[in-house]
Amino acid sequence: MQRPNIALRDLRARLPALQAFITERGGEVLALASEWEVLRFKAQGSVHIVSREASGHIRYGGDSALAVQCWLGKLPWRGSDSHRGQPGKRLRSQNVRTLLARDGDACFLCGQPLGDDITEEHLVPVTHGGPDHIANKVLAHAACNKRMGHLSVMEKIRLRDAELQRTG
């Protein structure tokens with residue numbers, strides 16, 4: 001799949017139409033987790049992200065490039081794969097289970113139990129060249145994940161230490 005041919009400013013101007021395209025086909029538009037994200041959505045059991053790099057270029061995570069390309073080309077696309085048993089959910093569940101076994105049931109930032117509010121946070125953000133690999137991930141509450149955004153690893157650790165000192 002080639003990168004969609006759309007400039008960042010054009011994508012932002014047409015974002016409501018893209019969001020409608022995603023939701024009309026069974027996807028779910030999610031809240032942005034950082035100022036670098038342009039669009040975050042859940043489709044076919046996985047979360048997909050369109051973000052901007054510091055250079056202003058668009059970065060496509062997951063299958064977001066496919067969704068944008070289908071939207072631009074007026075091609076068929078499905079946001080829901082309920083007819084296929086949702087393999088993406090199985091993968092996400094395995095990632096979460098692995099991270100829970102490795103790190104325990106506490107949010108990386110605030111240290112409180114995660115409960116059902118679990119998101120995966122990249123220590124080195126993908127938009128800054130970090131790998132989308134389990135070794136680069138921790139679990140966090142959605143609000144804590146958003147607070148960490150695209151900070152560097154050291155900034156995230158300092159933020160976590162200050163949060164734990166404040167609450168502990």
# chains A, B, ... in the order shown; residues from 1 in each chain; ligands from 1
$ select_by_dssp --residues "range 8-164 of chain A" --states "strand (DSSP E)" --output "ChimeraX atom specification"
/A:28-30,37-43,46-52,58-61,119-122,137-140
$ write_last_selection --atoms "C-alpha atoms" --output "PDB file, in the first residue's frame"
ATOM      1  CA  GLU A  28     -14.639   4.079  16.179  1.00  0.00           C
ATOM      2  CA  VAL A  29     -12.939   7.482  16.278  1.00  0.00           C
ATOM      3  CA  LEU A  30     -11.033   7.836  19.555  1.00  0.00           C
ATOM      4  CA  GLU A  37      -1.790  12.891  16.644  1.00  0.00           C
ATOM      5  CA  VAL A  38      -4.133  14.002  13.891  1.00  0.00           C
ATOM      6  CA  LEU A  39      -6.485  11.001  14.057  1.00  0.00           C
ATOM      7  CA  ARG A  40      -6.793   7.946  16.301  1.00  0.00           C
ATOM      8  CA  PHE A  41      -9.363   5.280  15.562  1.00  0.00           C
ATOM      9  CA  LYS A  42     -10.190   1.701  16.387  1.00  0.00           C
ATOM     10  CA  ALA A  43     -10.990  -0.604  13.505  1.00  0.00           C
ATOM     11  CA  SER A  46      -6.790  -2.598  16.597  1.00  0.00           C
ATOM     12  CA  VAL A  47      -6.004   1.051  17.182  1.00  0.00           C
ATOM     13  CA  HIS A  48      -4.685   2.984  14.174  1.00  0.00           C
ATOM     14  CA  ILE A  49      -3.048   6.405  14.342  1.00  0.00           C
ATOM     15  CA  VAL A  50      -2.340   9.175  11.876  1.00  0.00           C
ATOM     16  CA  SER A  51       0.183  11.600  13.345  1.00  0.00           C
ATOM     17  CA  ARG A  52       2.461  14.388  12.257  1.00  0.00           C
ATOM     18  CA  ILE A  58       2.315  12.536   8.040  1.00  0.00           C
ATOM     19  CA  ARG A  59       3.065   9.189   9.704  1.00  0.00           C
ATOM     20  CA  TYR A  60       0.601   6.340   9.415  1.00  0.00           C
ATOM     21  CA  GLY A  61       0.447   3.720  12.176  1.00  0.00           C
ATOM     22  CA  THR A 119      -3.835   1.521  27.192  1.00  0.00           C
ATOM     23  CA  GLU A 120      -0.441   0.688  25.756  1.00  0.00           C
ATOM     24  CA  GLU A 121       2.117   3.509  25.936  1.00  0.00           C
ATOM     25  CA  HIS A 122       5.314   3.541  23.881  1.00  0.00           C
ATOM     26  CA  LYS A 137       5.652  -0.581  25.702  1.00  0.00           C
ATOM     27  CA  VAL A 138       4.174  -0.139  29.169  1.00  0.00           C
ATOM     28  CA  LEU A 139       0.576  -0.036  30.385  1.00  0.00           C
ATOM     29  CA  ALA A 140      -1.109   3.166  31.506  1.00  0.00           C
TER      30      ALA A 140
END
$ residues_around --residues "Arg3 in chain A" --least-positions-apart "5" --cutoff "9 Å" --atoms "only C-alpha atoms" --output "list in words"
Tyr60, Ala65, Leu66, Val68 and Gln69 of chain A
$ select_by_dssp --residues "chain A" --states "helix (DSSP H, G or I)" --output "PyMOL selection string"
chain A and resi 8-13+15-24+64-73+82-84+87-103+126-128+134-136+142-148+153-167
$ write_last_selection --atoms "C-alpha atoms" --output "PDB file, in the first residue's frame"
ATOM      1  CA  LEU A   8      -1.268  17.603   6.367  1.00  0.00           C
ATOM      2  CA  ARG A   9      -3.248  20.860   6.091  1.00  0.00           C
ATOM      3  CA  ASP A  10      -5.646  19.244   3.579  1.00  0.00           C
ATOM      4  CA  LEU A  11      -6.086  16.199   5.806  1.00  0.00           C
ATOM      5  CA  ARG A  12      -6.882  18.417   8.795  1.00  0.00           C
ATOM      6  CA  ALA A  13      -9.364  20.465   6.731  1.00  0.00           C
ATOM      7  CA  LEU A  15     -10.881  15.443   8.910  1.00  0.00           C
ATOM      8  CA  PRO A  16     -14.644  15.476   9.691  1.00  0.00           C
ATOM      9  CA  ALA A  17     -15.329  13.718   6.366  1.00  0.00           C
ATOM     10  CA  LEU A  18     -12.634  11.097   7.087  1.00  0.00           C
ATOM     11  CA  GLN A  19     -14.015  10.533  10.601  1.00  0.00           C
ATOM     12  CA  ALA A  20     -17.505  10.056   9.150  1.00  0.00           C
ATOM     13  CA  PHE A  21     -16.089   7.572   6.600  1.00  0.00           C
ATOM     14  CA  ILE A  22     -14.519   5.550   9.426  1.00  0.00           C
ATOM     15  CA  THR A  23     -17.577   5.504  11.701  1.00  0.00           C
ATOM     16  CA  GLU A  24     -20.024   4.764   8.874  1.00  0.00           C
ATOM     17  CA  SER A  64      -4.400   3.901   8.967  1.00  0.00           C
ATOM     18  CA  ALA A  65      -2.776   4.450   5.538  1.00  0.00           C
ATOM     19  CA  LEU A  66      -5.142   1.879   4.032  1.00  0.00           C
ATOM     20  CA  ALA A  67      -8.197   3.575   5.541  1.00  0.00           C
ATOM     21  CA  VAL A  68      -7.089   7.026   4.335  1.00  0.00           C
ATOM     22  CA  GLN A  69      -6.226   5.682   0.875  1.00  0.00           C
ATOM     23  CA  CYS A  70      -9.655   4.016   0.570  1.00  0.00           C
ATOM     24  CA  TRP A  71     -11.364   7.222   1.723  1.00  0.00           C
ATOM     25  CA  LEU A  72      -9.453   9.334  -0.793  1.00  0.00           C
ATOM     26  CA  GLY A  73     -10.035   6.872  -3.639  1.00  0.00           C
ATOM     27  CA  SER A  82     -16.875  -9.058  13.317  1.00  0.00           C
ATOM     28  CA  HIS A  83     -17.364 -11.531  10.485  1.00  0.00           C
ATOM     29  CA  ARG A  84     -13.770 -12.762  10.887  1.00  0.00           C
ATOM     30  CA  PRO A  87      -7.808 -11.331  15.184  1.00  0.00           C
ATOM     31  CA  GLY A  88      -6.586  -7.849  16.173  1.00  0.00           C
ATOM     32  CA  LYS A  89      -8.355  -8.098  19.524  1.00  0.00           C
ATOM     33  CA  ARG A  90      -6.636 -11.404  20.175  1.00  0.00           C
ATOM     34  CA  LEU A  91      -3.245  -9.764  19.465  1.00  0.00           C
ATOM     35  CA  ARG A  92      -3.998  -6.781  21.700  1.00  0.00           C
ATOM     36  CA  SER A  93      -5.156  -9.067  24.496  1.00  0.00           C
ATOM     37  CA  GLN A  94      -1.921 -11.049  24.189  1.00  0.00           C
ATOM     38  CA  ASN A  95       0.135  -7.815  24.366  1.00  0.00           C
ATOM     39  CA  VAL A  96      -1.774  -6.663  27.425  1.00  0.00           C
ATOM     40  CA  ARG A  97      -1.452 -10.076  29.094  1.00  0.00           C
ATOM     41  CA  THR A  98       2.292 -10.090  28.403  1.00  0.00           C
ATOM     42  CA  LEU A  99       2.730  -6.556  29.765  1.00  0.00           C
ATOM     43  CA  LEU A 100       0.622  -7.343  32.851  1.00  0.00           C
ATOM     44  CA  ALA A 101       2.769 -10.431  33.533  1.00  0.00           C
ATOM     45  CA  ARG A 102       5.979  -8.436  33.013  1.00  0.00           C
ATOM     46  CA  ASP A 103       5.092  -5.180  34.804  1.00  0.00           C
ATOM     47  CA  VAL A 126       6.732   5.711  17.348  1.00  0.00           C
ATOM     48  CA  THR A 127       6.513   9.221  15.862  1.00  0.00           C
ATOM     49  CA  HIS A 128      10.061   9.803  17.170  1.00  0.00           C
ATOM     50  CA  ILE A 134       6.529  -5.031  23.341  1.00  0.00           C
ATOM     51  CA  ALA A 135       9.963  -4.082  24.752  1.00  0.00           C
ATOM     52  CA  ASN A 136       9.099  -0.417  24.064  1.00  0.00           C
ATOM     53  CA  ALA A 142      -5.911   6.503  29.130  1.00  0.00           C
ATOM     54  CA  ALA A 143      -5.599   9.893  30.884  1.00  0.00           C
ATOM     55  CA  CYS A 144      -2.045   9.116  32.035  1.00  0.00           C
ATOM     56  CA  ASN A 145      -1.119   7.957  28.528  1.00  0.00           C
ATOM     57  CA  LYS A 146      -2.404  11.251  27.153  1.00  0.00           C
ATOM     58  CA  ARG A 147      -0.412  13.232  29.761  1.00  0.00           C
ATOM     59  CA  MET A 148       2.809  11.482  28.712  1.00  0.00           C
ATOM     60  CA  VAL A 153      11.809   8.429  27.939  1.00  0.00           C
ATOM     61  CA  MET A 154      13.626  10.517  30.552  1.00  0.00           C
ATOM     62  CA  GLU A 155      10.816  13.100  30.616  1.00  0.00           C
ATOM     63  CA  LYS A 156       8.290  10.288  31.123  1.00  0.00           C
ATOM     64  CA  ILE A 157      10.325   8.834  33.968  1.00  0.00           C
ATOM     65  CA  ARG A 158      10.685  12.272  35.606  1.00  0.00           C
ATOM     66  CA  LEU A 159       6.935  12.833  35.234  1.00  0.00           C
ATOM     67  CA  ARG A 160       6.254   9.389  36.742  1.00  0.00           C
ATOM     68  CA  ASP A 161       8.653  10.016  39.651  1.00  0.00           C
ATOM     69  CA  ALA A 162       7.023  13.382  40.374  1.00  0.00           C
ATOM     70  CA  GLU A 163       3.533  11.822  40.177  1.00  0.00           C
ATOM     71  CA  LEU A 164       4.487   8.959  42.515  1.00  0.00           C
ATOM     72  CA  GLN A 165       6.137  11.401  44.945  1.00  0.00           C
ATOM     73  CA  ARG A 166       3.006  13.592  44.887  1.00  0.00           C
ATOM     74  CA  THR A 167       0.588  10.693  45.516  1.00  0.00           C
TER      75      THR A 167
END
$ closest_residue --among "A:Pro76, A:Ser152, A:Asp63, A:Pro113" --to "Gln2 in chain A" --atoms "only C-alpha atoms"
A:Asp63
$ closest_residue --among "A:Ala33, A:Gly27, A:Ile6, A:Ser80" --to "His141 in chain A" --atoms "only C-alpha atoms"
A:Ala33
$ atom_distance --atom1 "CA of Ala7 in chain A" --atom2 "CA of Gly56 in chain A"
9.2 Å
$ residues_around --residues "Leu114 in chain A" --least-positions-apart "4" --cutoff "7 Å" --atoms "only C-alpha atoms" --output "compact mmCIF listing (two decimals) with C-alpha atoms, in the first residue's frame"
# COMPACT_ATOMS: atom_id res chain seq x y z
CA ASP A 105 -1.32 -4.32 37.25
CA ALA A 106 -0.21 -0.75 37.92
CA CYS A 107 -0.23 2.29 35.65
CA ILE A 118 -5.75 -0.04 30.08
CA HIS A 141 -4.54 4.64 32.16
$ decode --residues "range 7-40 of chain A" --atoms "N, CA and C atoms" --output "PDB file, in the first residue's frame"
ATOM      1  N   ALA A   7      -1.729  16.311   1.735  1.00  0.00           N
ATOM      2  CA  ALA A   7      -0.920  17.174   2.607  1.00  0.00           C
ATOM      3  C   ALA A   7      -1.576  17.260   3.985  1.00  0.00           C
ATOM      4  N   LEU A   8      -0.774  17.529   4.990  1.00  0.00           N
ATOM      5  CA  LEU A   8      -1.268  17.603   6.367  1.00  0.00           C
ATOM      6  C   LEU A   8      -2.389  18.630   6.508  1.00  0.00           C
ATOM      7  N   ARG A   9      -2.215  19.822   5.945  1.00  0.00           N
ATOM      8  CA  ARG A   9      -3.248  20.860   6.091  1.00  0.00           C
ATOM      9  C   ARG A   9      -4.551  20.430   5.408  1.00  0.00           C
ATOM     10  N   ASP A  10      -4.447  19.727   4.268  1.00  0.00           N
ATOM     11  CA  ASP A  10      -5.646  19.244   3.579  1.00  0.00           C
ATOM     12  C   ASP A  10      -6.332  18.140   4.380  1.00  0.00           C
ATOM     13  N   LEU A  11      -5.525  17.268   4.975  1.00  0.00           N
ATOM     14  CA  LEU A  11      -6.086  16.199   5.806  1.00  0.00           C
ATOM     15  C   LEU A  11      -6.838  16.799   6.989  1.00  0.00           C
ATOM     16  N   ARG A  12      -6.220  17.777   7.649  1.00  0.00           N
ATOM     17  CA  ARG A  12      -6.882  18.417   8.795  1.00  0.00           C
ATOM     18  C   ARG A  12      -8.172  19.116   8.372  1.00  0.00           C
ATOM     19  N   ALA A  13      -8.167  19.765   7.211  1.00  0.00           N
ATOM     20  CA  ALA A  13      -9.364  20.465   6.731  1.00  0.00           C
ATOM     21  C   ALA A  13     -10.491  19.489   6.417  1.00  0.00           C
ATOM     22  N   ARG A  14     -10.139  18.311   5.974  1.00  0.00           N
ATOM     23  CA  ARG A  14     -11.148  17.313   5.582  1.00  0.00           C
ATOM     24  C   ARG A  14     -11.360  16.237   6.644  1.00  0.00           C
ATOM     25  N   LEU A  15     -10.812  16.440   7.842  1.00  0.00           N
ATOM     26  CA  LEU A  15     -10.881  15.443   8.910  1.00  0.00           C
ATOM     27  C   LEU A  15     -12.307  15.022   9.263  1.00  0.00           C
ATOM     28  N   PRO A  16     -13.285  15.934   9.371  1.00  0.00           N
ATOM     29  CA  PRO A  16     -14.644  15.476   9.691  1.00  0.00           C
ATOM     30  C   PRO A  16     -15.188  14.466   8.666  1.00  0.00           C
ATOM     31  N   ALA A  17     -14.869  14.654   7.399  1.00  0.00           N
ATOM     32  CA  ALA A  17     -15.329  13.718   6.366  1.00  0.00           C
ATOM     33  C   ALA A  17     -14.645  12.356   6.536  1.00  0.00           C
ATOM     34  N   LEU A  18     -13.355  12.354   6.858  1.00  0.00           N
ATOM     35  CA  LEU A  18     -12.634  11.097   7.087  1.00  0.00           C
ATOM     36  C   LEU A  18     -13.184  10.389   8.323  1.00  0.00           C
ATOM     37  N   GLN A  19     -13.447  11.133   9.393  1.00  0.00           N
ATOM     38  CA  GLN A  19     -14.015  10.533  10.601  1.00  0.00           C
ATOM     39  C   GLN A  19     -15.383   9.918  10.315  1.00  0.00           C
ATOM     40  N   ALA A  20     -16.195  10.593   9.522  1.00  0.00           N
ATOM     41  CA  ALA A  20     -17.505  10.056   9.150  1.00  0.00           C
ATOM     42  C   ALA A  20     -17.345   8.771   8.337  1.00  0.00           C
ATOM     43  N   PHE A  21     -16.384   8.758   7.411  1.00  0.00           N
ATOM     44  CA  PHE A  21     -16.089   7.572   6.600  1.00  0.00           C
ATOM     45  C   PHE A  21     -15.769   6.387   7.510  1.00  0.00           C
ATOM     46  N   ILE A  22     -14.935   6.623   8.515  1.00  0.00           N
ATOM     47  CA  ILE A  22     -14.519   5.550   9.426  1.00  0.00           C
ATOM     48  C   ILE A  22     -15.702   5.036  10.244  1.00  0.00           C
ATOM     49  N   THR A  23     -16.468   5.935  10.846  1.00  0.00           N
ATOM     50  CA  THR A  23     -17.577   5.504  11.701  1.00  0.00           C
ATOM     51  C   THR A  23     -18.704   4.859  10.908  1.00  0.00           C
ATOM     52  N   GLU A  24     -18.968   5.354   9.705  1.00  0.00           N
ATOM     53  CA  GLU A  24     -20.024   4.764   8.874  1.00  0.00           C
ATOM     54  C   GLU A  24     -19.705   3.333   8.469  1.00  0.00           C
ATOM     55  N   ARG A  25     -18.448   2.945   8.538  1.00  0.00           N
ATOM     56  CA  ARG A  25     -18.037   1.607   8.136  1.00  0.00           C
ATOM     57  C   ARG A  25     -17.667   0.727   9.320  1.00  0.00           C
ATOM     58  N   GLY A  26     -18.079   1.148  10.517  1.00  0.00           N
ATOM     59  CA  GLY A  26     -17.906   0.307  11.701  1.00  0.00           C
ATOM     60  C   GLY A  26     -16.702   0.620  12.550  1.00  0.00           C
ATOM     61  N   GLY A  27     -15.899   1.613  12.187  1.00  0.00           N
ATOM     62  CA  GLY A  27     -14.761   2.007  13.010  1.00  0.00           C
ATOM     63  C   GLY A  27     -15.212   2.948  14.115  1.00  0.00           C
ATOM     64  N   GLU A  28     -14.333   3.192  15.051  1.00  0.00           N
ATOM     65  CA  GLU A  28     -14.639   4.079  16.179  1.00  0.00           C
ATOM     66  C   GLU A  28     -13.543   5.133  16.290  1.00  0.00           C
ATOM     67  N   VAL A  29     -13.901   6.394  16.132  1.00  0.00           N
ATOM     68  CA  VAL A  29     -12.939   7.482  16.278  1.00  0.00           C
ATOM     69  C   VAL A  29     -12.692   7.681  17.772  1.00  0.00           C
ATOM     70  N   LEU A  30     -11.418   7.728  18.149  1.00  0.00           N
ATOM     71  CA  LEU A  30     -11.033   7.836  19.555  1.00  0.00           C
ATOM     72  C   LEU A  30     -10.442   9.217  19.834  1.00  0.00           C
ATOM     73  N   ALA A  31     -10.379   9.551  21.114  1.00  0.00           N
ATOM     74  CA  ALA A  31      -9.745  10.804  21.527  1.00  0.00           C
ATOM     75  C   ALA A  31      -8.249  10.739  21.222  1.00  0.00           C
ATOM     76  N   LEU A  32      -7.688  11.865  20.850  1.00  0.00           N
ATOM     77  CA  LEU A  32      -6.262  11.930  20.560  1.00  0.00           C
ATOM     78  C   LEU A  32      -5.479  11.781  21.860  1.00  0.00           C
ATOM     79  N   ALA A  33      -4.317  11.136  21.779  1.00  0.00           N
ATOM     80  CA  ALA A  33      -3.502  10.902  22.966  1.00  0.00           C
ATOM     81  C   ALA A  33      -2.364  11.906  23.105  1.00  0.00           C
ATOM     82  N   SER A  34      -2.138  12.711  22.068  1.00  0.00           N
ATOM     83  CA  SER A  34      -1.077  13.720  22.164  1.00  0.00           C
ATOM     84  C   SER A  34      -1.292  14.791  21.116  1.00  0.00           C
ATOM     85  N   GLU A  35      -0.527  15.855  21.227  1.00  0.00           N
ATOM     86  CA  GLU A  35      -0.631  16.943  20.265  1.00  0.00           C
ATOM     87  C   GLU A  35      -0.080  16.554  18.899  1.00  0.00           C
ATOM     88  N   TRP A  36       0.654  15.461  18.807  1.00  0.00           N
ATOM     89  CA  TRP A  36       1.224  15.002  17.536  1.00  0.00           C
ATOM     90  C   TRP A  36       0.210  14.214  16.713  1.00  0.00           C
ATOM     91  N   GLU A  37      -0.808  13.702  17.361  1.00  0.00           N
ATOM     92  CA  GLU A  37      -1.790  12.891  16.644  1.00  0.00           C
ATOM     93  C   GLU A  37      -2.788  13.766  15.908  1.00  0.00           C
ATOM     94  N   VAL A  38      -3.134  13.332  14.707  1.00  0.00           N
ATOM     95  CA  VAL A  38      -4.133  14.002  13.891  1.00  0.00           C
ATOM     96  C   VAL A  38      -5.441  13.213  13.965  1.00  0.00           C
ATOM     97  N   LEU A  39      -5.321  11.879  14.008  1.00  0.00           N
ATOM     98  CA  LEU A  39      -6.485  11.001  14.057  1.00  0.00           C
ATOM     99  C   LEU A  39      -6.101   9.709  14.748  1.00  0.00           C
ATOM    100  N   ARG A  40      -6.956   9.244  15.630  1.00  0.00           N
ATOM    101  CA  ARG A  40      -6.793   7.946  16.301  1.00  0.00           C
ATOM    102  C   ARG A  40      -8.125   7.244  16.172  1.00  0.00           C
TER     103      ARG A  40
END
